[in-house]
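A.B. asks: What follows is final-v8.cif, mmCIF, C-alpha atoms.
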```
data_protein
loop_
_atom_site.label_atom_id
_atom_site.label_comp_id
_atom_site.auth_asym_id
_atom_site.auth_seq_id
_atom_site.Cartn_x
_atom_site.Cartn_y
_atom_site.Cartn_z
CA LEU H 15 0.00 0.00 0.00
CA SER H 16 0.96 3.63 -0.51
CA LEU H 17 -0.81 6.67 0.92
CA ALA H 18 -0.77 10.26 -0.28
CA LEU H 19 -2.49 13.22 1.39
CA PHE H 20 -3.58 16.36 -0.51
CA ASP H 21 -5.03 19.82 0.14
CA ASP H 22 -8.51 19.70 -1.41
CA ALA H 23 -8.35 23.35 -2.57
CA THR H 24 -4.87 23.57 -4.07
CA LYS H 25 -4.36 19.85 -4.87
CA ASN H 26 -0.87 20.18 -3.36
CA GLN H 27 0.48 17.12 -1.60
CA ILE H 28 0.86 17.39 2.18
CA SER H 29 3.88 15.87 3.91
CA LYS H 30 3.32 13.12 6.47
CA ASN H 31 5.50 12.19 9.39
CA PRO H 32 7.12 9.70 9.27
CA ILE H 33 7.60 9.01 5.57
CA PHE H 34 5.13 6.34 4.52
CA ASP H 35 6.08 2.71 5.07
CA SER H 36 3.46 -0.02 4.84
CA SER H 37 4.64 -1.48 8.14
CA GLN H 38 4.10 1.88 9.91
CA LEU H 39 0.45 2.38 10.84
CA ASN H 40 0.31 5.86 12.42
CA TYR H 41 1.15 9.21 10.79
CA THR H 42 0.81 12.90 11.53
CA ALA H 43 0.52 15.91 9.23
CA ASP H 44 0.54 19.61 10.05
CA VAL H 45 -1.31 22.10 7.87
CA SER H 46 -1.85 25.86 8.00
CA SER H 47 -5.11 27.38 9.22
CA ASP H 48 -6.26 28.17 5.67
CA VAL H 49 -6.47 24.48 4.72
CA ILE H 50 -10.17 23.65 4.98
CA ALA H 51 -10.29 20.07 3.70
CA VAL H 52 -7.99 17.28 2.56
CA TYR H 53 -8.32 14.04 0.64
CA VAL H 54 -6.42 10.76 0.60
CA VAL H 55 -5.21 8.75 -2.40
CA PRO H 56 -4.54 5.16 -1.27
CA THR H 57 -2.96 2.69 -3.66
CA SER H 58 -3.16 -1.01 -2.86
CA ASP H 59 -0.60 -3.64 -3.84
CA SER H 60 -3.40 -6.13 -4.48
CA ARG H 61 -6.31 -5.68 -6.84
CA PHE H 62 -8.36 -7.99 -4.65
CA SER H 63 -8.21 -5.90 -1.48
CA THR H 64 -10.73 -3.19 -0.63
CA ILE H 65 -10.13 0.21 0.97
CA THR H 66 -12.26 2.57 3.03
CA VAL H 67 -11.36 6.09 4.17
CA ASN H 68 -13.32 7.10 7.27
CA GLY H 69 -15.81 4.37 6.47
CA VAL H 70 -16.37 5.33 2.81
CA ALA H 71 -15.21 2.93 0.08
CA VAL H 72 -12.41 4.25 -2.13
CA THR H 73 -11.04 2.72 -5.31
CA SER H 74 -7.31 2.10 -5.25
CA SER H 75 -5.30 4.99 -6.78
CA LEU H 76 -8.33 7.32 -6.76
CA ALA H 77 -9.06 10.21 -4.42
CA SER H 78 -11.28 9.86 -1.40
CA GLN H 79 -14.11 12.27 -0.72
CA PRO H 80 -12.91 15.58 0.79
CA ILE H 81 -12.46 15.39 4.55
CA THR H 82 -13.31 18.63 6.32
CA LEU H 83 -10.77 19.60 8.97
CA VAL H 84 -11.64 20.82 12.41
CA THR H 85 -9.50 23.19 14.42
CA GLY H 86 -6.99 20.98 16.21
CA ASP H 87 -6.76 17.29 15.29
CA THR H 88 -8.72 15.49 12.57
CA VAL H 89 -8.26 11.73 12.53
CA ILE H 90 -8.42 9.88 9.20
CA ASN H 91 -8.75 6.08 9.27
CA ILE H 92 -7.74 4.11 6.17
CA VAL H 93 -8.81 0.47 6.45
CA VAL H 94 -7.44 -2.08 3.97
CA THR H 95 -9.30 -5.39 3.85
CA ALA H 96 -7.68 -8.44 2.23
CA GLN H 97 -9.39 -10.73 -0.29
CA ASP H 98 -10.48 -13.10 2.50
CA GLY H 99 -12.68 -10.32 3.92
CA LEU H 100 -11.29 -10.89 7.41
CA THR H 101 -7.72 -9.63 7.42
CA LYS H 102 -7.75 -5.88 7.99
CA THR H 103 -5.03 -3.29 8.44
CA THR H 104 -5.85 0.21 9.65
CA TYR H 105 -3.64 3.18 8.88
CA VAL H 106 -4.25 6.39 10.81
CA ILE H 107 -3.34 9.92 9.73
CA THR H 108 -3.84 12.67 12.31
CA VAL H 109 -4.02 16.07 10.61
CA THR H 110 -3.43 19.08 12.87
CA ARG H 111 -4.74 22.48 11.85
CA PRO H 112 -4.23 25.56 14.07
CA ALA H 113 -6.95 28.13 14.66
CA SER H 114 -7.05 30.99 12.18
CA THR H 115 -5.59 34.33 13.24
CA VAL H 116 -7.34 36.32 10.49
CA ALA H 117 -9.36 39.16 12.05
CA SER H 118 -10.25 41.38 9.12
CA LEU H 119 -13.15 42.41 6.92
CA SER H 120 -13.37 42.01 3.16
CA ASP H 121 -16.20 44.54 2.92
CA LEU H 122 -18.00 47.10 5.07
CA SER H 123 -21.00 49.23 4.17
CA LEU H 124 -23.28 51.76 5.88
CA SER H 125 -26.94 52.49 5.20
CA SER H 126 -29.62 54.90 6.37
CA GLY H 127 -32.20 53.23 4.17
CA ILE H 128 -30.04 54.28 1.26
CA ALA H 129 -26.33 53.62 0.94
CA VAL H 130 -24.11 56.06 2.82
CA PRO H 131 -20.62 56.38 1.28
CA LEU H 132 -17.61 55.70 3.47
CA LEU H 133 -14.58 57.94 3.21
CA PRO H 134 -12.08 56.71 2.25
CA GLN H 135 -13.48 53.91 0.12
CA PHE H 136 -13.34 50.63 2.04
CA ASP H 137 -10.07 48.72 2.08
CA THR H 138 -9.34 45.72 4.31
CA ALA H 139 -6.21 47.35 5.72
CA THR H 140 -7.86 50.74 6.44
CA LEU H 141 -9.40 50.80 9.91
CA SER H 142 -10.90 54.33 10.21
CA TYR H 143 -13.70 55.87 8.13
CA THR H 144 -16.04 58.84 8.14
CA ALA H 145 -19.53 59.23 6.72
CA LYS H 146 -21.99 62.14 6.59
CA VAL H 147 -25.77 62.02 6.97
CA ASP H 148 -28.53 64.63 7.14
CA ASN H 149 -29.83 65.75 10.51
CA ALA H 150 -33.11 63.95 9.78
CA VAL H 151 -31.23 60.61 9.86
CA ASP H 152 -31.20 59.30 13.43
CA THR H 153 -30.32 55.63 12.82
CA VAL H 154 -28.08 53.69 10.46
CA THR H 155 -27.19 50.05 9.85
CA VAL H 156 -23.83 48.42 9.15
CA THR H 157 -23.17 45.40 6.93
CA PRO H 158 -19.75 43.84 7.64
CA THR H 159 -18.32 40.91 5.65
CA LEU H 160 -15.52 38.74 7.00
CA THR H 161 -12.33 37.85 5.17
CA ASP H 162 -12.39 34.51 7.02
CA ASP H 163 -15.85 33.16 7.89
CA ARG H 164 -14.45 31.45 11.00
CA ALA H 165 -14.03 34.84 12.70
CA THR H 166 -16.84 36.67 14.53
CA ILE H 167 -18.13 40.26 14.41
CA GLN H 168 -19.64 42.65 16.92
CA VAL H 169 -21.06 46.02 15.87
CA ASP H 170 -21.27 48.32 18.89
CA GLY H 171 -21.48 45.23 21.09
CA GLN H 172 -24.12 43.36 19.09
CA THR H 173 -23.17 40.14 17.29
CA VAL H 174 -23.67 40.34 13.52
CA ASP H 175 -23.23 37.49 11.03
CA SER H 176 -20.90 38.05 8.11
CA GLY H 177 -22.67 39.70 5.19
CA GLN H 178 -25.78 40.45 7.26
CA VAL H 179 -27.29 43.80 8.22
CA SER H 180 -26.89 44.93 11.84
CA GLN H 181 -29.73 46.16 14.00
CA ASP H 182 -30.47 49.89 13.85
CA ILE H 183 -27.71 51.94 15.44
CA ASP H 184 -28.84 55.20 17.02
CA LEU H 185 -27.18 58.49 16.13
CA PRO H 186 -28.01 60.47 19.28
CA PHE H 187 -25.65 63.37 18.67
CA ASN H 188 -25.46 66.17 16.18
CA GLY H 189 -21.91 66.02 14.90
CA ILE H 190 -19.77 62.91 15.43
CA ASN H 191 -21.24 59.50 16.36
CA VAL H 192 -18.73 56.64 16.64
CA ILE H 193 -19.50 53.06 15.54
CA ASN H 194 -17.05 50.27 16.42
CA VAL H 195 -16.91 47.09 14.35
CA ASP H 196 -14.89 44.51 16.31
CA VAL H 197 -13.58 41.39 14.56
CA THR H 198 -12.28 38.43 16.57
CA ALA H 199 -10.33 35.68 14.80
CA GLU H 200 -11.08 31.98 15.24
CA ASP H 201 -8.24 31.72 17.78
CA GLY H 202 -10.31 33.90 20.14
CA THR H 203 -7.45 36.28 20.93
CA THR H 204 -6.52 38.05 17.69
CA THR H 205 -8.77 41.11 17.27
CA GLN H 206 -9.10 44.15 15.05
CA THR H 207 -11.47 47.12 15.25
CA TYR H 208 -12.84 49.13 12.34
CA LEU H 209 -14.10 52.57 13.34
CA ILE H 210 -16.76 54.62 11.55
CA GLU H 211 -17.34 58.25 12.54
CA VAL H 212 -20.83 59.14 11.35
CA ILE H 213 -21.20 62.92 11.15
CA ARG H 214 -24.82 63.92 11.59
CA GLU H 215 -25.40 67.43 10.31
CA TRP H 216 -26.58 70.08 12.73
CA PRO H 217 -30.17 71.22 12.23
CA SER H 218 -30.56 74.32 10.14
CA VAL H 219 -31.55 77.41 12.11
CA PRO H 220 -34.03 79.69 10.36
CA VAL H 221 -32.83 83.25 9.96
CA THR H 222 -35.34 85.83 11.17
CA LEU H 223 -35.11 89.31 9.75
CA LYS H 224 -36.42 92.14 11.84
CA ALA H 225 -37.66 95.15 9.93
CA SER H 226 -36.82 98.58 11.32
CA ILE H 227 -38.54 101.85 10.46
CA ILE H 228 -36.34 104.84 9.87
CA ASP H 229 -38.05 108.22 10.29
#
```
In structure tokens, how does this file's structure come out?
C.D. replies:
Amino acid sequence: LSLALFDDATKNQISKNPIFDSSQLNYTADVSSDVIAVYVVPTSDSRFSTITVNGVAVTSSLASQPITLVTGDTVINIVVTAQDGLTKTTYVITVTRPASTVASLSDLSLSSGIAVPLLPQFDTATLSYTAKVDNAVDTVTVTPTLTDDRATIQVDGQTVDSGQVSQDIDLPFNGINVINVDVTAEDGTTTQTYLIEVIREWPSVPVTLKASIID
């Protein structure tokens, strides 16, 4: 038997430790946090044996179904059954994936019922923005979109799903109102805050002209 492990997205082969030997039954593999799924290509020495990967039958020399990785250890069991149907050998690959440290947004928008432009235009690496609204606007909503869907978002303390509209956010002040969009990475410790200063215009004051009579 030979065993090869691949990144499902890039199709790049992933190194195992130790190097495969049919007499060695247990292996480990380390991947980066951006690897979401892997697959196994097992090749049997005998055309009469059968192979399963995590309980699913796989044809020799063909790829298994993608195996989604969890954060931490994902165990993959490859069972080879001989022609007699009784003799079985189980190979185990433990794939370790660390938690993601990505705490950024890929998009951020503001609305008062109609789109409110952000200045400057949104960029993942830019953390501070301003926006202007009329005095008649007393609430806005924010729609944040994650770069990595495993992260979480809070908008002024309220949890918001990626790509979804927040609850109404009050603009109680004429002038500057600050909205904080906090992103926490999957690792639970890496954070980043995007700040929006919404400038609500002051109400217009009517000008009263007083007529005077000159004798």
A.B. asks: Find the spatial neighbours of Leu141 of chain H, counting all atoms listed in the file, within a cut-off of 7 Å - ignore same-chain residues fewer than 5 positions away - and output them as a JSON list (two decimals) with C-alpha atoms, keeping the file's coordinate frame.
C.D. replies:
```json
[["chain", "number", "residue", "atom", "x", "y", "z"],
["H", 207, "THR", "CA", -11.47, 47.12, 15.25],
["H", 208, "TYR", "CA", -12.84, 49.13, 12.34],
["H", 209, "LEU", "CA", -14.10, 52.57, 13.34]]
```
A.B. asks: What is the atom CA of Thr104 of chain H-atom CA of Asn91 of chain H distance in Å, reported with one decimal?
C.D. replies: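 These atoms are spaced 6.6 Å apart.
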A.B. asks: Between H:Asp59, H:Asp163, H:Asp21, H:Asp44, which residue has the minimum interatomic distance to Thr82 of chain H, considering all atoms listed in the file?
C.D. replies: H:Asp21
A.B. asks: Report as a PyMOL selection string all protein, DNA and RNA residues lying within 12 Å of Gly202 of chain H, evaluated on all atoms listed in the file, omitting residues in the same chain fewer than 5 positions from it.
C.D. replies: chain H and resi 112-117+164-167+197
A.B. asks: Could you tell me how far atom CA of Thr66 of chain H lies from atom CA of Ile92 of chain H, in Å and to one decimal?
C.D. replies: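 Pair atom CA of Thr66 of chain H / atom CA of Ile92 of chain H returns 5.7 Å.
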A.B. asks: Find, counting all atoms listed in the file, the residue in H:Gln181, H:Asn68, H:Ser126, H:Gln79 that gets nearest to Val55 of chain H.
C.D. replies: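 Nearest candidate to Val55 of chain H out of H:Gln181, H:Asn68, H:Ser126, H:Gln79: H:Gln79.
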A.B. asks: Residue by residue, what does the PyMOL selection byres ((chain H and resi 145-159) around 10) grab here? Present the result as a ChimeraX atom specification.
C.D. replies: /H:118-134,143-144,160-163,166-169,174-191,193,195-197,208,210-218
A.B. asks: Between atom CA of Ala43 of chain H and atom CA of Ile90 of chain H, what is the distance in Å, rounded to a tenth?
C.D. replies: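 Going from atom CA of Ala43 of chain H over to atom CA of Ile90 of chain H covers 10.8 Å.
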A.B. asks: Can you turn the PyMOL selection byres ((chain H and resi 23) around 12) into a concrete residue list for this file, as a list of chain:residue names?
C.D. replies: H:Phe20, H:Asp21, H:Asp22, H:Thr24, H:Lys25, H:Asn26, H:Gln27, H:Ile28, H:Asp48, H:Val49, H:Ile50, H:Ala51, H:Val52, H:Tyr53, H:Pro80, H:Ile81, H:Thr82
A.B. asks: Output as AutoDock Vina command-line options the centre and edge lengths (Å, one decimal) of the box along x, y and z of the file that holds every listed atom of segment 177-194 of chain H after adding 8 Å on each side.
C.D. replies:
```
--center_x -23.8 --center_y 52.9 --center_z 12.2 --size_x 29.4 --size_y 42.5 --size_z 30.1
```
A.B. asks: For the structure provided, state which residues fall under the PyMOL selection byres ((chain H and resi 33) around 12), and present them as JSON, numbers by chain.
C.D. replies: {"H": [16, 17, 18, 19, 28, 29, 30, 31, 32, 34, 35, 36, 37, 38, 39, 40, 41, 42, 43, 107]}
A.B. asks: Using only C-alpha atoms, find the one residue out of H:Asp170, H:Val70, H:Gln206, H:Val84 that sits nearest to Asn194 of chain H.
C.D. replies: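 Closest to Asn194 of chain H of all the choices is H:Asp170.
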A.B. asks: Show me that you can extract segment 191-217 of chain H, keeping N, CA, C and O atoms, and write it as a short mmCIF file (atom, residue, chain, number, x, y, z; two decimals), in the first residue's frame.
C.D. replies:
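Final output, selection-v1.cif:
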```cif
data_model
loop_
_atom_site.label_atom_id
_atom_site.label_comp_id
_atom_site.auth_asym_id
_atom_site.auth_seq_id
_atom_site.Cartn_x
_atom_site.Cartn_y
_atom_site.Cartn_z
N ASN H 191 -20.78 60.71 15.67
CA ASN H 191 -21.24 59.50 16.36
C ASN H 191 -20.31 58.36 15.95
O ASN H 191 -20.09 58.14 14.74
N VAL H 192 -19.74 57.66 16.92
CA VAL H 192 -18.73 56.64 16.64
C VAL H 192 -19.35 55.24 16.67
O VAL H 192 -20.05 54.88 17.62
N ILE H 193 -19.08 54.45 15.62
CA ILE H 193 -19.50 53.06 15.54
C ILE H 193 -18.25 52.19 15.49
O ILE H 193 -17.37 52.40 14.65
N ASN H 194 -18.18 51.20 16.39
CA ASN H 194 -17.05 50.27 16.42
C ASN H 194 -17.47 48.92 15.86
O ASN H 194 -18.49 48.35 16.28
N VAL H 195 -16.69 48.42 14.92
CA VAL H 195 -16.91 47.09 14.35
C VAL H 195 -15.72 46.23 14.76
O VAL H 195 -14.61 46.39 14.25
N ASP H 196 -15.96 45.33 15.73
CA ASP H 196 -14.89 44.51 16.31
C ASP H 196 -14.89 43.12 15.68
O ASP H 196 -15.91 42.43 15.69
N VAL H 197 -13.73 42.72 15.17
CA VAL H 197 -13.58 41.39 14.56
C VAL H 197 -12.64 40.56 15.42
O VAL H 197 -11.54 41.00 15.77
N THR H 198 -13.09 39.35 15.78
CA THR H 198 -12.28 38.43 16.57
C THR H 198 -12.01 37.18 15.74
O THR H 198 -12.93 36.55 15.23
N ALA H 199 -10.73 36.85 15.60
CA ALA H 199 -10.33 35.68 14.80
C ALA H 199 -10.77 34.39 15.47
O ALA H 199 -11.16 34.35 16.64
N GLU H 200 -10.68 33.29 14.73
CA GLU H 200 -11.08 31.98 15.24
C GLU H 200 -10.30 31.60 16.49
O GLU H 200 -10.82 30.90 17.36
N ASP H 201 -9.05 32.09 16.62
CA ASP H 201 -8.24 31.72 17.78
C ASP H 201 -8.75 32.35 19.08
O ASP H 201 -8.30 32.01 20.18
N GLY H 202 -9.69 33.30 18.97
CA GLY H 202 -10.31 33.90 20.14
C GLY H 202 -9.51 35.01 20.79
O GLY H 202 -9.99 35.65 21.72
N THR H 203 -8.30 35.25 20.31
CA THR H 203 -7.45 36.28 20.93
C THR H 203 -7.05 37.38 19.95
O THR H 203 -6.85 38.53 20.35
N THR H 204 -6.91 37.04 18.68
CA THR H 204 -6.52 38.05 17.69
C THR H 204 -7.74 38.89 17.33
O THR H 204 -8.77 38.36 16.90
N THR H 205 -7.64 40.22 17.52
CA THR H 205 -8.77 41.11 17.27
C THR H 205 -8.34 42.30 16.43
O THR H 205 -7.16 42.65 16.37
N GLN H 206 -9.32 42.92 15.82
CA GLN H 206 -9.10 44.15 15.05
C GLN H 206 -10.40 44.95 15.05
O GLN H 206 -11.48 44.36 14.94
N THR H 207 -10.28 46.26 15.19
CA THR H 207 -11.47 47.12 15.25
C THR H 207 -11.47 48.10 14.09
O THR H 207 -10.48 48.81 13.86
N TYR H 208 -12.59 48.12 13.37
CA TYR H 208 -12.84 49.13 12.34
C TYR H 208 -13.73 50.20 12.96
O TYR H 208 -14.69 49.88 13.64
N LEU H 209 -13.39 51.45 12.71
CA LEU H 209 -14.10 52.57 13.34
C LEU H 209 -14.75 53.43 12.26
O LEU H 209 -14.11 53.80 11.27
N ILE H 210 -16.04 53.72 12.46
CA ILE H 210 -16.76 54.62 11.55
C ILE H 210 -17.24 55.82 12.35
O ILE H 210 -17.96 55.67 13.35
N GLU H 211 -16.82 57.01 11.95
CA GLU H 211 -17.34 58.25 12.54
C GLU H 211 -18.45 58.77 11.63
O GLU H 211 -18.19 59.21 10.50
N VAL H 212 -19.68 58.66 12.12
CA VAL H 212 -20.83 59.14 11.35
C VAL H 212 -21.12 60.57 11.78
O VAL H 212 -21.44 60.83 12.95
N ILE H 213 -20.99 61.50 10.85
CA ILE H 213 -21.20 62.92 11.15
C ILE H 213 -22.63 63.29 10.77
O ILE H 213 -22.99 63.31 9.59
N ARG H 214 -23.42 63.54 11.80
CA ARG H 214 -24.82 63.92 11.59
C ARG H 214 -24.89 65.45 11.57
O ARG H 214 -24.46 66.12 12.52
N GLU H 215 -25.38 65.98 10.47
CA GLU H 215 -25.40 67.43 10.31
C GLU H 215 -26.23 68.10 11.40
O GLU H 215 -27.21 67.55 11.88
N TRP H 216 -25.82 69.30 11.77
CA TRP H 216 -26.58 70.08 12.73
C TRP H 216 -27.86 70.58 12.07
O TRP H 216 -27.89 70.82 10.85
N PRO H 217 -28.93 70.72 12.84
CA PRO H 217 -30.17 71.22 12.23
C PRO H 217 -29.98 72.65 11.75
O PRO H 217 -29.24 73.43 12.35
#
```
